[in-house]
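Structure record follows, encoded as structure tokens.
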Amino acid sequence: MKLRYFNDTDTLLLELTESEVVETKDLNEDRIIDLDKSGNIVSITIEHARRKADINDFSYEQVYALT
């Protein structure tokens, strides 16, 4: 998985897999999803990311299940 931010266009791209994109859907004017041939999400694009996604406060946390 890759997370990329393009400062010049204020665009956030979340790439979940490297699968080939066969369909792109606009969810609204600021959010786009790319799908593979099985309908799985390949990537999510968020336009106007500073306002829509609060990218200035990004964190990553891996949570382990207790066994």
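Letters A, B, ... go to the chains of the structure tokens in the order shown; residues in each chain start at 1; ligands are counted from 1 in the same order.
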Just asking: which residues within stretch 6-61 of chain A are alpha helix (DSSP H) according to DSSP, as a ChimeraX atom specification?
/A:49-53
Give me the residues near A:Lys25 as a PDB file with N, CA and C atoms, in the first residue's frame, where near means some atom within 12 Å (using only C-alpha atoms) and where sequence neighbours in that chain fewer than 2 positions away do not count.
```
ATOM      1  N   VAL A  21      -6.128  -1.168 -13.289  1.00  0.00           N
ATOM      2  CA  VAL A  21      -7.396  -0.445 -13.172  1.00  0.00           C
ATOM      3  C   VAL A  21      -8.198  -0.649 -14.448  1.00  0.00           C
ATOM      4  N   VAL A  22      -9.454  -1.098 -14.295  1.00  0.00           N
ATOM      5  CA  VAL A  22     -10.318  -1.289 -15.461  1.00  0.00           C
ATOM      6  C   VAL A  22     -11.527  -0.359 -15.422  1.00  0.00           C
ATOM      7  N   GLU A  23     -11.773   0.265 -14.264  1.00  0.00           N
ATOM      8  CA  GLU A  23     -12.915   1.181 -14.157  1.00  0.00           C
ATOM      9  C   GLU A  23     -12.610   2.251 -13.121  1.00  0.00           C
ATOM     10  N   LEU A  27     -17.074   9.323  -6.987  1.00  0.00           N
ATOM     11  CA  LEU A  27     -18.030   9.240  -5.894  1.00  0.00           C
ATOM     12  C   LEU A  27     -18.710  10.581  -5.675  1.00  0.00           C
ATOM     13  N   ASN A  28     -17.931  11.641  -5.836  1.00  0.00           N
ATOM     14  CA  ASN A  28     -18.434  13.018  -5.829  1.00  0.00           C
ATOM     15  C   ASN A  28     -17.347  13.871  -6.476  1.00  0.00           C
ATOM     16  N   GLU A  29     -17.459  15.169  -6.401  1.00  0.00           N
ATOM     17  CA  GLU A  29     -16.492  16.009  -7.114  1.00  0.00           C
ATOM     18  C   GLU A  29     -15.079  15.956  -6.529  1.00  0.00           C
ATOM     19  N   ASP A  30     -14.922  15.417  -5.316  1.00  0.00           N
ATOM     20  CA  ASP A  30     -13.605  15.383  -4.671  1.00  0.00           C
ATOM     21  C   ASP A  30     -13.048  13.989  -4.433  1.00  0.00           C
ATOM     22  N   ARG A  31     -13.828  12.939  -4.700  1.00  0.00           N
ATOM     23  CA  ARG A  31     -13.381  11.575  -4.404  1.00  0.00           C
ATOM     24  C   ARG A  31     -13.592  10.657  -5.597  1.00  0.00           C
ATOM     25  N   ILE A  32     -12.538   9.914  -5.930  1.00  0.00           N
ATOM     26  CA  ILE A  32     -12.549   9.016  -7.080  1.00  0.00           C
ATOM     27  C   ILE A  32     -12.003   7.664  -6.633  1.00  0.00           C
ATOM     28  N   ILE A  33     -12.628   6.576  -7.099  1.00  0.00           N
ATOM     29  CA  ILE A  33     -12.080   5.253  -6.818  1.00  0.00           C
ATOM     30  C   ILE A  33     -11.776   4.546  -8.130  1.00  0.00           C
ATOM     31  N   ASP A  34     -10.720   3.772  -8.117  1.00  0.00           N
ATOM     32  CA  ASP A  34     -10.329   2.943  -9.255  1.00  0.00           C
ATOM     33  C   ASP A  34     -10.563   1.490  -8.865  1.00  0.00           C
ATOM     34  N   LEU A  35     -11.131   0.713  -9.796  1.00  0.00           N
ATOM     35  CA  LEU A  35     -11.475  -0.676  -9.541  1.00  0.00           C
ATOM     36  C   LEU A  35     -10.746  -1.609 -10.491  1.00  0.00           C
ATOM     37  N   ASP A  36     -10.471  -2.834 -10.019  1.00  0.00           N
ATOM     38  CA  ASP A  36      -9.876  -3.849 -10.888  1.00  0.00           C
ATOM     39  C   ASP A  36     -10.982  -4.653 -11.574  1.00  0.00           C
ATOM     40  N   GLY A  39     -13.821  -5.857  -9.443  1.00  0.00           N
ATOM     41  CA  GLY A  39     -14.585  -4.847  -8.711  1.00  0.00           C
ATOM     42  C   GLY A  39     -13.956  -4.439  -7.393  1.00  0.00           C
ATOM     43  N   ILE A  41     -11.334  -2.411  -4.981  1.00  0.00           N
ATOM     44  CA  ILE A  41     -10.744  -1.069  -5.015  1.00  0.00           C
ATOM     45  C   ILE A  41      -9.228  -1.171  -5.152  1.00  0.00           C
ATOM     46  N   VAL A  42      -8.698  -0.510  -6.168  1.00  0.00           N
ATOM     47  CA  VAL A  42      -7.259  -0.445  -6.404  1.00  0.00           C
ATOM     48  C   VAL A  42      -6.691   0.813  -5.748  1.00  0.00           C
ATOM     49  N   SER A  43      -7.389   1.940  -5.924  1.00  0.00           N
ATOM     50  CA  SER A  43      -6.907   3.195  -5.346  1.00  0.00           C
ATOM     51  C   SER A  43      -8.069   4.141  -5.084  1.00  0.00           C
ATOM     52  N   ILE A  44      -7.789   5.100  -4.210  1.00  0.00           N
ATOM     53  CA  ILE A  44      -8.744   6.145  -3.855  1.00  0.00           C
ATOM     54  C   ILE A  44      -8.021   7.476  -4.004  1.00  0.00           C
ATOM     55  N   THR A  45      -8.635   8.407  -4.717  1.00  0.00           N
ATOM     56  CA  THR A  45      -8.074   9.742  -4.892  1.00  0.00           C
ATOM     57  C   THR A  45      -8.960  10.738  -4.164  1.00  0.00           C
TER      58      THR A  45
END
```
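Distances to A:Asp10 were evaluated for A:Ala53, A:Ala65, A:Phe58, A:Glu47 using only C-alpha atoms, and the minimum falls at A:Glu47.
Residues in contact with A:Arg50 at up to 10 Å, not including ones fewer than 4 positions away on its chain and judged by only C-alpha atoms, are Tyr5, Asn7, Asp10, Thr11, Leu12, Ile46, Asp54, Ile55, Asn56 and Asp57 of chain A.
Picture a line from atom CA of A:Asn40 to atom CA of A:Leu3; it runs 17.7 Å.
Taking atom CA of A:Val63 and atom CA of A:Met1 as the two end points, the separation is 16.5 Å.
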